>>> print(open('entry35.cif').read())   # mmCIF, C-alpha atoms and all ligand atoms
data_structure
loop_
_atom_site.label_atom_id
_atom_site.label_comp_id
_atom_site.auth_asym_id
_atom_site.auth_seq_id
_atom_site.Cartn_x
_atom_site.Cartn_y
_atom_site.Cartn_z
CA SER A 199 0.00 0.00 0.00
CA THR A 200 1.13 3.56 -0.65
CA ALA A 201 -1.31 5.21 1.77
CA HIS A 202 1.62 6.20 4.03
CA LEU A 203 3.15 8.32 1.24
CA GLY A 204 2.25 11.69 -0.24
CA ALA A 205 0.10 13.78 2.11
CA ALA A 206 0.56 11.31 4.98
CA LEU A 207 4.26 12.06 5.33
CA ARG A 208 4.35 15.77 4.64
CA ALA A 209 4.46 16.45 8.39
CA GLN A 210 7.95 14.96 8.35
CA PHE A 211 9.24 17.56 5.86
CA PRO A 212 9.44 20.96 7.61
CA ALA A 213 10.38 22.89 4.45
CA LEU A 214 7.09 21.96 2.81
CA HIS A 215 5.16 23.82 5.50
CA GLN A 216 5.71 27.39 4.51
CA THR A 217 4.09 30.14 2.59
CA VAL A 218 5.94 32.31 0.09
CA TYR A 219 5.37 35.93 -0.94
CA ASP A 220 1.98 37.11 0.32
CA GLY A 221 1.03 33.94 2.12
CA ARG A 222 0.87 31.47 -0.76
CA PRO A 223 1.34 27.87 0.46
CA LEU A 224 4.45 26.42 -1.13
CA VAL A 225 3.83 23.85 -3.87
CA TYR A 226 7.25 22.33 -4.38
CA LEU A 227 7.64 20.71 -7.80
CA ASP A 228 11.40 20.86 -8.21
CA SER A 229 12.46 17.63 -6.54
CA ALA A 230 14.53 16.48 -9.52
CA ALA A 231 16.81 19.45 -8.85
CA THR A 232 16.92 18.67 -5.16
CA SER A 233 14.59 16.96 -2.72
CA HIS A 234 13.48 18.24 0.65
CA LYS A 235 14.76 16.58 3.80
CA PRO A 236 12.74 14.69 6.40
CA LEU A 237 13.20 15.44 10.11
CA ALA A 238 15.03 12.12 10.50
CA VAL A 239 17.83 13.42 8.26
CA ILE A 240 17.92 16.92 9.75
CA GLU A 241 18.10 15.42 13.24
CA ALA A 242 20.80 12.90 12.30
CA VAL A 243 23.02 15.74 11.06
CA ARG A 244 22.27 17.87 14.12
CA GLU A 245 22.92 15.01 16.51
CA PHE A 246 26.19 14.23 14.79
CA TYR A 247 27.43 17.78 15.33
CA GLU A 248 26.04 17.97 18.86
CA ARG A 249 27.44 14.65 20.07
CA ASP A 250 29.88 12.80 17.78
CA ASN A 251 31.61 15.60 15.85
CA SER A 252 35.17 14.52 15.26
CA ASN A 253 37.45 13.55 12.42
CA VAL A 254 37.25 9.98 11.12
CA HIS A 255 39.82 7.18 10.84
CA ARG A 256 42.32 9.09 12.99
CA GLY A 257 41.90 9.89 16.63
CA ALA A 258 41.84 7.03 19.10
CA HIS A 259 39.27 8.71 21.29
CA ALA A 260 35.59 8.20 21.96
CA LEU A 261 34.23 10.84 19.62
CA SER A 262 36.50 9.87 16.74
CA ILE A 263 35.51 6.24 17.12
CA ARG A 264 31.83 7.19 17.09
CA ALA A 265 32.30 9.47 14.07
CA THR A 266 34.18 6.75 12.20
CA ASN A 267 31.51 4.20 13.04
CA ALA A 268 28.73 6.53 11.91
CA TYR A 269 30.54 7.38 8.67
CA GLU A 270 31.24 3.73 7.87
CA ALA A 271 27.71 2.72 8.89
CA ALA A 272 26.42 5.10 6.21
CA ARG A 273 28.53 3.21 3.69
CA ASP A 274 26.99 -0.08 4.87
CA LYS A 275 23.49 1.37 4.53
CA LEU A 276 24.13 2.56 0.98
CA ALA A 277 25.73 -0.75 0.02
CA ALA A 278 22.63 -2.59 1.22
CA PHE A 279 20.29 -0.03 -0.37
CA VAL A 280 21.68 -0.61 -3.88
CA ASN A 281 22.58 -4.25 -3.20
CA ALA A 282 26.34 -3.85 -3.69
CA ALA A 283 28.29 -7.10 -3.35
CA SER A 284 30.62 -5.45 -0.85
CA ARG A 285 30.65 -2.29 1.30
CA ARG A 286 34.05 -1.58 -0.27
CA GLU A 287 32.28 -0.91 -3.58
CA ILE A 288 30.77 2.33 -2.24
CA VAL A 289 32.98 5.40 -2.64
CA PHE A 290 31.68 8.63 -1.11
CA THR A 291 31.93 11.61 -3.44
CA ARG A 292 30.61 15.16 -3.43
CA GLY A 293 27.80 14.02 -5.70
CA ALA A 294 27.14 12.37 -9.05
CA THR A 295 29.17 14.99 -10.88
CA GLU A 296 32.26 14.24 -8.86
CA ALA A 297 31.66 10.49 -9.16
CA ILE A 298 31.62 10.71 -12.96
CA ASN A 299 34.69 12.95 -12.97
CA LEU A 300 36.42 10.43 -10.70
CA VAL A 301 35.78 7.60 -13.16
CA ALA A 302 36.84 9.74 -16.13
CA ALA A 303 40.05 10.83 -14.39
CA THR A 304 41.08 7.40 -13.10
CA TRP A 305 39.54 4.53 -15.06
CA GLY A 306 39.32 6.77 -18.14
CA GLU A 307 42.96 7.91 -18.06
CA MET A 308 44.05 4.31 -17.72
CA ASN A 309 41.79 2.69 -20.30
CA VAL A 310 40.89 5.20 -22.99
CA ARG A 311 43.49 5.66 -25.74
CA ALA A 312 43.78 7.42 -29.09
CA GLY A 313 41.24 6.01 -31.54
CA ASP A 314 38.97 4.63 -28.82
CA GLU A 315 35.31 5.55 -28.58
CA ILE A 316 33.02 6.53 -25.73
CA VAL A 317 29.32 6.06 -26.45
CA ILE A 318 26.89 8.35 -24.64
CA SER A 319 23.63 10.01 -25.59
CA GLU A 320 22.53 13.50 -26.54
CA ILE A 321 19.71 13.34 -23.99
CA ASP A 322 22.10 13.15 -21.05
CA HIS A 323 22.81 15.64 -18.29
CA HIS A 324 25.94 17.75 -18.89
CA ALA A 325 27.52 15.90 -15.95
CA ASN A 326 27.47 12.76 -18.08
CA ILE A 327 28.64 14.50 -21.27
CA VAL A 328 31.35 17.05 -20.49
CA PRO A 329 33.70 14.78 -18.46
CA TRP A 330 33.72 12.34 -21.41
CA GLN A 331 34.36 15.11 -23.92
CA LEU A 332 37.33 16.31 -21.87
CA LEU A 333 38.64 12.77 -21.44
CA ALA A 334 38.30 12.14 -25.18
CA GLN A 335 40.22 15.36 -25.90
CA ARG A 336 43.03 14.35 -23.57
CA ALA A 337 43.22 10.81 -24.95
CA GLY A 338 42.58 11.51 -28.63
CA ALA A 339 39.43 9.42 -28.41
CA THR A 340 35.99 10.11 -29.90
CA VAL A 341 32.64 10.60 -28.20
CA ARG A 342 29.69 9.18 -30.12
CA TYR A 343 26.15 10.25 -29.29
CA ALA A 344 22.97 8.21 -29.41
CA ARG A 345 20.09 10.30 -30.72
CA TYR A 346 16.94 11.51 -29.05
CA ASP A 347 13.98 9.56 -30.45
CA ALA A 348 10.84 11.69 -30.82
CA SER A 349 8.61 8.62 -31.23
CA THR A 350 9.46 7.15 -27.80
CA GLY A 351 10.29 10.48 -26.15
CA GLY A 352 13.56 9.05 -24.91
CA MET A 353 17.01 8.06 -26.03
CA ASP A 354 17.11 5.99 -29.23
CA ALA A 355 18.38 2.75 -27.68
CA GLU A 356 18.69 1.01 -31.06
CA HIS A 357 20.90 3.85 -32.22
CA MET A 358 23.05 3.56 -29.10
CA ILE A 359 23.40 -0.18 -29.64
CA SER A 360 24.39 0.43 -33.28
CA LEU A 361 27.14 2.83 -32.15
CA ILE A 362 28.71 0.24 -29.85
CA GLY A 363 31.55 -1.58 -31.58
CA PRO A 364 35.08 -2.93 -31.22
CA ARG A 365 36.52 0.55 -30.54
CA THR A 366 34.01 1.29 -27.76
CA LYS A 367 35.70 1.48 -24.35
CA LEU A 368 32.81 2.87 -22.35
CA VAL A 369 29.04 3.21 -22.65
CA ALA A 370 27.46 5.75 -20.28
CA PHE A 371 23.82 6.73 -19.95
CA ALA A 372 21.23 7.98 -17.49
CA HIS A 373 19.01 5.31 -15.96
CA VAL A 374 16.18 7.89 -15.93
CA SER A 375 16.31 11.17 -17.87
CA ASN A 376 16.07 14.29 -15.69
CA VAL A 377 14.06 16.08 -18.40
CA LEU A 378 12.12 13.48 -20.36
CA GLY A 379 11.46 11.11 -17.47
CA SER A 380 12.20 8.29 -19.91
CA ILE A 381 13.63 5.06 -18.51
CA ALA A 382 16.60 3.50 -20.31
CA PRO A 383 16.42 -0.19 -21.32
CA VAL A 384 19.38 -0.97 -19.08
CA HIS A 385 19.59 -4.70 -19.71
CA ARG A 386 19.73 -4.38 -23.50
CA LEU A 387 22.30 -1.60 -23.35
CA VAL A 388 24.48 -3.42 -20.83
CA ALA A 389 24.31 -6.62 -22.91
CA ALA A 390 25.38 -4.74 -26.06
CA ALA A 391 28.27 -3.08 -24.21
CA ARG A 392 29.36 -6.38 -22.66
CA ALA A 393 29.29 -8.11 -26.05
CA ALA A 394 31.70 -5.45 -27.33
CA GLY A 395 33.93 -5.68 -24.26
CA ALA A 396 33.06 -2.14 -23.18
CA ALA A 397 32.58 -0.91 -19.62
CA VAL A 398 29.28 0.66 -18.55
CA LEU A 399 28.54 3.65 -16.31
CA ILE A 400 24.96 4.39 -15.32
CA ASP A 401 23.89 7.79 -14.01
CA GLY A 402 21.38 6.93 -11.31
CA CYS A 403 20.61 10.49 -10.12
CA GLN A 404 16.94 10.22 -11.10
CA SER A 405 16.50 6.52 -10.37
CA VAL A 406 18.06 5.70 -6.98
CA PRO A 407 15.75 8.18 -5.16
CA HIS A 408 12.63 6.86 -6.85
CA MET A 409 12.73 3.09 -7.43
CA PRO A 410 14.38 -0.06 -6.13
CA VAL A 411 17.89 -0.28 -7.60
CA ASP A 412 19.98 -3.44 -7.58
CA VAL A 413 23.41 -2.67 -9.02
CA GLN A 414 24.30 -6.34 -9.31
CA ALA A 415 21.15 -7.09 -11.31
CA LEU A 416 21.76 -4.07 -13.57
CA GLY A 417 25.20 -5.45 -14.36
CA ALA A 418 27.10 -2.21 -15.04
CA ASP A 419 30.63 -1.43 -13.83
CA PHE A 420 29.83 1.95 -12.33
CA TYR A 421 26.68 3.52 -10.92
CA VAL A 422 26.55 7.07 -9.56
CA ALA A 423 24.02 9.20 -7.67
CA SER A 424 23.67 12.33 -5.53
CA GLY A 425 22.48 12.27 -1.93
CA HIS A 426 20.63 15.59 -2.07
CA LYS A 427 18.07 14.23 -4.55
CA MET A 428 17.25 11.30 -2.24
CA CYS A 429 16.30 13.13 0.97
CA GLY A 430 19.95 13.49 2.01
CA PRO A 431 22.22 16.51 2.49
CA THR A 432 24.05 18.37 -0.27
CA GLY A 433 27.77 17.76 -0.64
CA ILE A 434 27.53 13.97 -0.55
CA GLY A 435 26.86 11.32 -3.17
CA PHE A 436 28.42 8.08 -4.19
CA LEU A 437 30.14 6.04 -6.81
CA TRP A 438 29.38 2.35 -6.82
CA GLY A 439 32.01 0.40 -8.75
CA ARG A 440 32.64 -3.30 -9.11
CA LEU A 441 35.40 -4.08 -6.63
CA ASP A 442 37.62 -5.83 -9.18
CA VAL A 443 37.37 -2.72 -11.38
CA LEU A 444 37.95 -0.24 -8.53
CA GLU A 445 41.03 -2.23 -7.50
CA THR A 446 42.65 -1.61 -10.89
CA MET A 447 42.10 2.16 -10.77
CA PRO A 448 44.74 4.76 -9.84
CA PRO A 449 43.99 7.39 -7.18
CA TYR A 450 41.80 10.40 -7.97
CA GLN A 451 42.77 13.17 -5.56
CA SER A 452 45.74 12.62 -3.29
CA GLY A 453 46.72 13.51 0.24
CA GLY A 454 45.67 12.14 3.60
CA GLU A 455 43.45 9.10 4.08
CA MET A 456 44.03 7.62 0.62
CA ILE A 457 47.55 6.35 1.27
CA ASP A 458 49.06 3.14 2.51
CA GLN A 459 52.69 4.24 3.08
CA VAL A 460 54.24 7.61 2.35
CA THR A 461 58.00 8.09 2.18
CA LEU A 462 60.03 10.84 0.59
CA GLU A 463 60.76 8.47 -2.28
CA GLY A 464 57.09 7.87 -3.06
CA SER A 465 53.81 6.53 -1.77
CA THR A 466 51.60 3.49 -1.99
CA PHE A 467 47.86 3.76 -1.88
CA ALA A 468 45.05 2.40 0.21
CA SER A 469 42.72 -0.18 -1.29
CA PRO A 470 39.21 0.90 -2.36
CA PRO A 471 37.21 2.75 -1.20
CA GLY A 472 39.81 4.66 0.86
CA ARG A 473 42.04 5.14 -2.20
CA PHE A 474 39.39 7.43 -3.67
CA GLU A 475 38.51 9.39 -0.52
CA ALA A 476 41.42 11.77 -0.02
CA GLY A 477 41.30 14.20 2.87
CA THR A 478 38.66 14.70 5.53
CA PRO A 479 35.42 13.51 3.96
CA ALA A 480 31.95 15.04 4.25
CA ILE A 481 31.31 13.18 7.49
CA ALA A 482 28.10 14.80 8.73
CA GLN A 483 26.71 14.70 5.20
CA ALA A 484 27.46 10.99 4.89
CA VAL A 485 25.73 10.41 8.24
CA GLY A 486 22.75 12.39 6.92
CA LEU A 487 22.72 10.33 3.74
CA GLY A 488 22.74 7.18 5.86
CA ALA A 489 19.65 8.49 7.67
CA ALA A 490 18.05 9.27 4.29
CA VAL A 491 18.67 5.71 3.15
CA ASP A 492 17.10 4.41 6.36
CA TYR A 493 14.15 6.70 5.77
CA LEU A 494 13.59 5.60 2.16
CA ALA A 495 14.13 1.93 2.98
CA GLY A 496 11.55 2.34 5.75
CA LEU A 497 9.01 3.70 3.27
CA GLY A 498 9.83 0.81 0.95
CA MET A 499 11.22 1.64 -2.48
CA ALA A 500 8.57 -0.44 -4.23
CA ASN A 501 5.96 1.73 -2.48
CA VAL A 502 7.81 4.90 -3.45
CA GLU A 503 7.86 3.72 -7.06
CA ALA A 504 4.14 2.86 -7.00
CA HIS A 505 3.23 6.24 -5.49
CA GLU A 506 5.28 8.08 -8.10
CA HIS A 507 3.87 5.93 -10.89
CA ASP A 508 0.39 7.06 -9.89
CA LEU A 509 1.52 10.70 -9.68
CA ALA A 510 3.27 10.47 -13.06
CA ARG A 511 0.10 9.24 -14.70
CA TYR A 512 -1.93 12.01 -13.11
CA LEU A 513 0.65 14.67 -14.02
CA VAL A 514 0.67 13.60 -17.68
CA GLU A 515 -3.12 13.34 -17.79
CA ARG A 516 -3.62 16.84 -16.36
CA LEU A 517 -0.88 18.53 -18.40
CA SER A 518 -2.03 16.83 -21.62
CA ALA A 519 -5.44 18.43 -21.17
CA VAL A 520 -4.03 21.98 -21.14
CA ASP A 521 -4.55 23.75 -24.51
CA GLY A 522 -1.32 24.87 -26.14
CA LEU A 523 0.88 22.84 -23.80
CA ALA A 524 3.49 20.61 -25.49
CA LEU A 525 4.69 17.81 -23.24
CA TYR A 526 8.09 16.18 -23.82
CA GLY A 527 9.01 12.63 -22.96
CA PRO A 528 7.25 9.28 -23.36
CA PRO A 529 3.70 9.45 -24.78
CA ARG A 530 0.72 9.19 -22.45
CA GLY A 531 0.30 5.65 -21.18
CA GLU A 532 4.02 4.80 -21.48
CA ALA A 533 6.25 4.35 -18.46
CA ARG A 534 7.90 7.51 -17.18
CA ALA A 535 9.26 9.00 -14.00
CA ALA A 536 7.17 11.46 -11.98
CA LEU A 537 8.48 14.49 -13.79
CA ALA A 538 7.54 16.32 -16.95
CA ALA A 539 9.15 18.99 -19.10
CA PHE A 540 6.87 21.08 -21.26
CA SER A 541 6.39 24.27 -23.25
CA VAL A 542 3.35 26.51 -23.21
CA ALA A 543 2.48 28.34 -26.42
CA GLY A 544 2.82 32.10 -26.02
CA VAL A 545 4.61 31.97 -22.65
CA HIS A 546 8.38 31.52 -22.43
CA ALA A 547 9.40 28.91 -19.86
CA ASN A 548 11.26 31.50 -17.81
CA ASP A 549 8.19 33.76 -17.69
CA LEU A 550 5.97 30.82 -16.87
CA SER A 551 8.09 29.76 -13.92
CA THR A 552 8.35 33.36 -12.66
CA PHE A 553 4.59 33.88 -12.87
CA ILE A 554 3.53 30.59 -11.28
CA ASP A 555 6.13 31.18 -8.57
CA GLN A 556 3.94 34.10 -7.53
CA ASP A 557 1.23 31.51 -6.83
CA GLY A 558 3.70 29.57 -4.68
CA VAL A 559 4.34 26.92 -7.35
CA ALA A 560 8.03 26.09 -7.60
CA ILE A 561 9.17 24.55 -10.89
CA ARG A 562 12.35 24.85 -12.88
CA ALA A 563 12.82 26.57 -16.22
CA GLY A 564 15.78 26.50 -18.55
CA HIS A 565 17.77 23.74 -20.20
CA HIS A 566 18.13 21.67 -17.02
CA CYS A 567 21.80 20.99 -17.84
CA THR A 568 20.74 19.29 -21.08
CA GLN A 569 21.54 21.73 -23.88
CA PRO A 570 22.09 19.02 -26.53
CA LEU A 571 18.70 17.50 -25.72
CA HIS A 572 17.02 20.89 -25.97
CA ALA A 573 18.76 21.45 -29.32
CA ALA A 574 17.36 18.09 -30.48
CA LEU A 575 13.91 19.17 -29.28
CA GLY A 576 14.34 22.40 -31.24
CA ILE A 577 13.93 24.64 -28.19
CA SER A 578 16.28 26.58 -25.96
CA ALA A 579 14.38 26.14 -22.71
CA SER A 580 11.52 24.21 -21.17
CA ALA A 581 9.58 24.23 -17.93
CA ARG A 582 9.89 21.17 -15.69
CA ALA A 583 7.76 19.93 -12.82
CA SER A 584 9.21 17.08 -10.78
CA LEU A 585 7.62 15.17 -7.92
CA TYR A 586 8.66 12.98 -5.03
CA VAL A 587 7.47 10.86 -2.12
CA TYR A 588 5.82 13.82 -0.40
CA SER A 589 4.08 15.09 -3.55
CA THR A 590 0.33 14.81 -4.05
CA ARG A 591 -2.31 15.11 -6.74
CA ALA A 592 -3.24 18.42 -5.13
CA ASP A 593 0.26 19.69 -6.04
CA VAL A 594 -0.42 18.75 -9.66
CA ASP A 595 -3.82 20.47 -9.53
CA ALA A 596 -2.20 23.67 -8.19
CA LEU A 597 0.39 23.53 -10.98
CA VAL A 598 -2.20 23.14 -13.72
CA GLU A 599 -4.42 25.87 -12.29
CA SER A 600 -1.50 28.28 -12.13
CA ILE A 601 -0.33 27.45 -15.66
CA VAL A 602 -3.82 28.04 -17.06
CA SER A 603 -4.24 31.37 -15.28
CA THR A 604 -0.78 32.51 -16.47
CA GLN A 605 -1.70 31.49 -20.00
CA ARG A 606 -4.90 33.58 -19.79
CA LEU A 607 -2.98 36.56 -18.49
CA PHE A 608 -0.45 36.37 -21.32
CA ALA A 609 -3.25 36.00 -23.88
CA GLN A 610 -4.86 39.18 -22.50
CA LEU A 611 -1.57 41.06 -22.44
CA GLY A 612 -0.49 39.85 -25.87
CA GLY A 613 -3.94 40.49 -27.37
N1 LIG B 1 22.73 13.47 -13.76
C1 LIG B 1 21.41 13.68 -13.70
C2 LIG B 1 20.50 12.80 -14.50
C3 LIG B 1 20.91 14.68 -12.89
O1 LIG B 1 19.59 14.88 -12.82
C4 LIG B 1 21.81 15.47 -12.14
C5 LIG B 1 21.31 16.59 -11.26
N2 LIG B 1 20.45 17.50 -11.93
C6 LIG B 1 23.18 15.21 -12.24
C7 LIG B 1 23.60 14.19 -13.06
C8 LIG B 1 24.21 15.99 -11.49
O2 LIG B 1 24.03 15.82 -10.12
P1 LIG B 1 24.84 16.72 -9.09
O3 LIG B 1 24.71 18.13 -9.56
O4 LIG B 1 24.16 16.49 -7.79
O5 LIG B 1 26.26 16.24 -9.09
#
>>> encode(input="entry35.cif", output="structure tokens", more="lines below")
Ligand code: PMP
Amino acid sequence: STAHLGAALRAQFPALHQTVYDGRPLVYLDSAATSHKPLAVIEAVREFYERDNSNVHRGAHALSIRATNAYEAARDKLAAFVNAASRREIVFTRGATEAINLVAATWGEMNVRAGDEIVISEIDHHANIVPWQLLAQRAGATVRYARYDASTGGMDAEHMISLIGPRTKLVAFAHVSNVLGSIAPVHRLVAAARAAGAAVLIDGCQSVPHMPVDVQALGADFYVASGHKMCGPTGIGFLWGRLDVLETMPPYQSGGEMIDQVTLEGSTFASPPGRFEAGTPAIAQAVGLGAAVDYLAGLGMANVEAHEHDLARYLVERLSAVDGLALYGPPRGEARAALAAFSVAGVHANDLSTFIDQDGVAIRAGHHCTQPLHAALGISASARASLYVYSTRADVDALVESIVSTQRLFAQLGG
């Protein structure tokens, strides 16, 4: 049952209980950018600072031991949450962006050579495009892009599969698109990459917070996500990597924590995950992310997925009924995440978001870090509404009402 989601858990999210401007209740529809935090997470971070605050892996004193245990417990929680084969497969990073940069700078430097190819897609977030472009430039390799497919409203998976060949070293794609809400056919893409001997990185930013994820079942080499989109703090995210792959990789940043022995002649490095966590990590943030994982696991990810599936259907149904509104992403009735990007005839996305903000409705407007996708769509910007565990049909109703009244206003102004 999903009766414990949506309205039933809003009391646990303090930020949702506020009015903006002249007393408009906040309708938060920007959870794909960042989610709000439940009290359990806020309290875990506060308690850490009030009680356990100390550096990790260093001091042999009570607080340091507690801080280390809490930090490492967060790693255990994440490993269980995504069904990693080992806790050592979870590397804490600043977020998904840093996790992808880590793979590009370490695995990429070691494995990608002149003439090699990296296959990605034009629908991806810049975080999963630019690091590969820079790596390709450094290595003399080529990035090949799978097309957007207007008929499915997602990435053209057949095109991606056709691009994968003997020169392909890496295939990287988003599990769920942050703009289209489309869901990648992971198993087919992973099978095609495997058949070509290529490694696979999956960007799980918009999937891990919203559905059960089993990294072993997905079969990739790397999986990345950001804590702040899954009820956790900013400044923390993770890279999951297959342990045998992580073990082959050189260090990313260097300094304290990531070493084995340091002499003036040179240094040897810690085994994963420590090798990739140089310096004092984001300890309180990791503890907060651990609490977020507990929170989501407590709700049940299958329940979260079912709740969002219902919301996605309602969102698409309501938006589709608005005159002059063009919805991007999978057609009505097809599977999609609980988010939708759209354009409204006669109202620029930036104006739309500014006007509905006056009604308390928070959405995002712009290219959502997907300029190539927007170029493929033939637009420079879109509006995006994105939902989460605490979202309700009433939020969608408020969105639609505000869009329609803004549309009317612009029609009157424009004549
Ligand atoms: N990939 C996708 C699909 C995303 O939605 C985002 C966040 N918008 C990112 C990567 C980057 O995440 P972060 O900025 O937290 O590193």
>>> atom_distance(input="entry35.cif", atom1="atom CA of His255 of chain A", atom2="atom CA of Thr304 of chain A")
24.0 Å
>>> closest_atom_pairs(input="entry35.cif", of="chain A", to="ligand LIG 1 (chain B)", cutoff="10 Å", atoms="all atoms listed in the file", output="tab-separated table")
residue	atom	partner	partner_atom	distance
A:Ser229	CA	B:LIG1	N2	9.6
A:Ala230	CA	B:LIG1	O1	6.2
A:Ala231	CA	B:LIG1	N2	5.2
A:Thr232	CA	B:LIG1	N2	7.7
A:Thr291	CA	B:LIG1	O5	9.2
A:Arg292	CA	B:LIG1	O5	7.2
A:Gly293	CA	B:LIG1	O5	4.3
A:Ala294	CA	B:LIG1	O5	4.0
A:Thr295	CA	B:LIG1	O5	3.6
A:Glu296	CA	B:LIG1	O5	6.3
A:Ala297	CA	B:LIG1	O5	7.9
A:Ile298	CA	B:LIG1	O5	8.6
A:Asn299	CA	B:LIG1	O5	9.8
A:Ile321	CA	B:LIG1	C2	9.5
A:Asp322	CA	B:LIG1	C2	6.8
A:His323	CA	B:LIG1	N1	5.0
A:His324	CA	B:LIG1	C7	7.2
A:Ala325	CA	B:LIG1	C7	5.2
A:Asn326	CA	B:LIG1	N1	6.5
A:Ile327	CA	B:LIG1	N1	9.6
A:Phe371	CA	B:LIG1	C2	8.8
A:Ala372	CA	B:LIG1	C2	5.7
A:His373	CA	B:LIG1	C2	7.8
A:Val374	CA	B:LIG1	C2	6.7
A:Ser375	CA	B:LIG1	C2	5.6
A:Asn376	CA	B:LIG1	O1	4.6
A:Val377	CA	B:LIG1	O1	7.9
A:Gly379	CA	B:LIG1	C2	9.7
A:Ile400	CA	B:LIG1	N1	9.5
A:Asp401	CA	B:LIG1	N1	5.8
A:Gly402	CA	B:LIG1	C2	6.7
A:Cys403	CA	B:LIG1	C1	4.9
A:Gln404	CA	B:LIG1	C2	5.6
A:Ser405	CA	B:LIG1	C2	8.5
A:Val422	CA	B:LIG1	C7	8.5
A:Ala423	CA	B:LIG1	O2	7.1
A:Ser424	CA	B:LIG1	O4	4.8
A:Gly425	CA	B:LIG1	O4	7.4
A:His426	CA	B:LIG1	O4	6.8
A:Lys427	CA	B:LIG1	O4	7.3
A:Thr432	CA	B:LIG1	O4	7.8
A:Gly433	CA	B:LIG1	O4	8.1
A:Ile434	CA	B:LIG1	O4	8.4
A:Gly435	CA	B:LIG1	O4	7.4
A:Phe436	CA	B:LIG1	O5	9.8
A:His566	CA	B:LIG1	N2	7.0
A:Cys567	CA	B:LIG1	N2	7.0
A:Thr568	CA	B:LIG1	C2	9.2
>>> atom_distance(input="entry35.cif", atom1="atom CA of Val542 of chain A", atom2="atom CA of Ile554 of chain A")
12.6 Å
>>> residues_around(input="entry35.cif", residues="Ala302 of chain A", least_positions_apart="6", cutoff="9 Å", atoms="all atoms listed in the file", output="list of chain:residue names")
A:Pro329, A:Trp330, A:Leu332, A:Leu333
>>> write_last_selection(input="entry35.cif", atoms="C-alpha atoms", output="PDB file, in the coordinates of the input")
ATOM      1  CA  PRO A 329      33.700  14.780 -18.460  1.00  0.00           C
ATOM      2  CA  TRP A 330      33.720  12.340 -21.410  1.00  0.00           C
ATOM      3  CA  LEU A 332      37.330  16.310 -21.870  1.00  0.00           C
ATOM      4  CA  LEU A 333      38.640  12.770 -21.440  1.00  0.00           C
TER       5      LEU A 333
END
>>> closest_residue(input="entry35.cif", among="A:Asp593, A:Glu463, A:Glu287, A:Glu315", to="Arg365 of chain A", atoms="all atoms listed in the file")
A:Glu315
>>> closest_residue(input="entry35.cif", among="A:Leu571, A:Ala334, A:Leu517, A:Val602", to="Glu320 of chain A", atoms="all atoms listed in the file")
A:Leu571
>>> atom_distance(input="entry35.cif", atom1="atom CA of Gln569 of chain A", atom2="atom CA of Tyr346 of chain A")
12.3 Å
>>> residues_around(input="entry35.cif", residues="segment 468-475 of chain A", least_positions_apart="2", cutoff="12 Å", atoms="all atoms listed in the file", output="number ranges by chain")
A: 254-255, 270, 273, 284-292, 296-297, 299-301, 303-305, 434, 436-460, 465-466, 477-481
>>> write_last_selection(input="entry35.cif", atoms="C-alpha atoms", output="CSV table (one decimal), in the coordinates of the input")
chain,number,residue,atom,x,y,z
A,254,VAL,CA,37.2,10.0,11.1
A,255,HIS,CA,39.8,7.2,10.8
A,270,GLU,CA,31.2,3.7,7.9
A,273,ARG,CA,28.5,3.2,3.7
A,284,SER,CA,30.6,-5.4,-0.8
A,285,ARG,CA,30.6,-2.3,1.3
A,286,ARG,CA,34.0,-1.6,-0.3
A,287,GLU,CA,32.3,-0.9,-3.6
A,288,ILE,CA,30.8,2.3,-2.2
A,289,VAL,CA,33.0,5.4,-2.6
A,290,PHE,CA,31.7,8.6,-1.1
A,291,THR,CA,31.9,11.6,-3.4
A,292,ARG,CA,30.6,15.2,-3.4
A,296,GLU,CA,32.3,14.2,-8.9
A,297,ALA,CA,31.7,10.5,-9.2
A,299,ASN,CA,34.7,13.0,-13.0
A,300,LEU,CA,36.4,10.4,-10.7
A,301,VAL,CA,35.8,7.6,-13.2
A,303,ALA,CA,40.0,10.8,-14.4
A,304,THR,CA,41.1,7.4,-13.1
A,305,TRP,CA,39.5,4.5,-15.1
A,434,ILE,CA,27.5,14.0,-0.6
A,436,PHE,CA,28.4,8.1,-4.2
A,437,LEU,CA,30.1,6.0,-6.8
A,438,TRP,CA,29.4,2.4,-6.8
A,439,GLY,CA,32.0,0.4,-8.8
A,440,ARG,CA,32.6,-3.3,-9.1
A,441,LEU,CA,35.4,-4.1,-6.6
A,442,ASP,CA,37.6,-5.8,-9.2
A,443,VAL,CA,37.4,-2.7,-11.4
A,444,LEU,CA,38.0,-0.2,-8.5
A,445,GLU,CA,41.0,-2.2,-7.5
A,446,THR,CA,42.6,-1.6,-10.9
A,447,MET,CA,42.1,2.2,-10.8
A,448,PRO,CA,44.7,4.8,-9.8
A,449,PRO,CA,44.0,7.4,-7.2
A,450,TYR,CA,41.8,10.4,-8.0
A,451,GLN,CA,42.8,13.2,-5.6
A,452,SER,CA,45.7,12.6,-3.3
A,453,GLY,CA,46.7,13.5,0.2
A,454,GLY,CA,45.7,12.1,3.6
A,455,GLU,CA,43.4,9.1,4.1
A,456,MET,CA,44.0,7.6,0.6
A,457,ILE,CA,47.6,6.4,1.3
A,458,ASP,CA,49.1,3.1,2.5
A,459,GLN,CA,52.7,4.2,3.1
A,460,VAL,CA,54.2,7.6,2.4
A,465,SER,CA,53.8,6.5,-1.8
A,466,THR,CA,51.6,3.5,-2.0
A,477,GLY,CA,41.3,14.2,2.9
A,478,THR,CA,38.7,14.7,5.5
A,479,PRO,CA,35.4,13.5,4.0
A,480,ALA,CA,32.0,15.0,4.2
A,481,ILE,CA,31.3,13.2,7.5
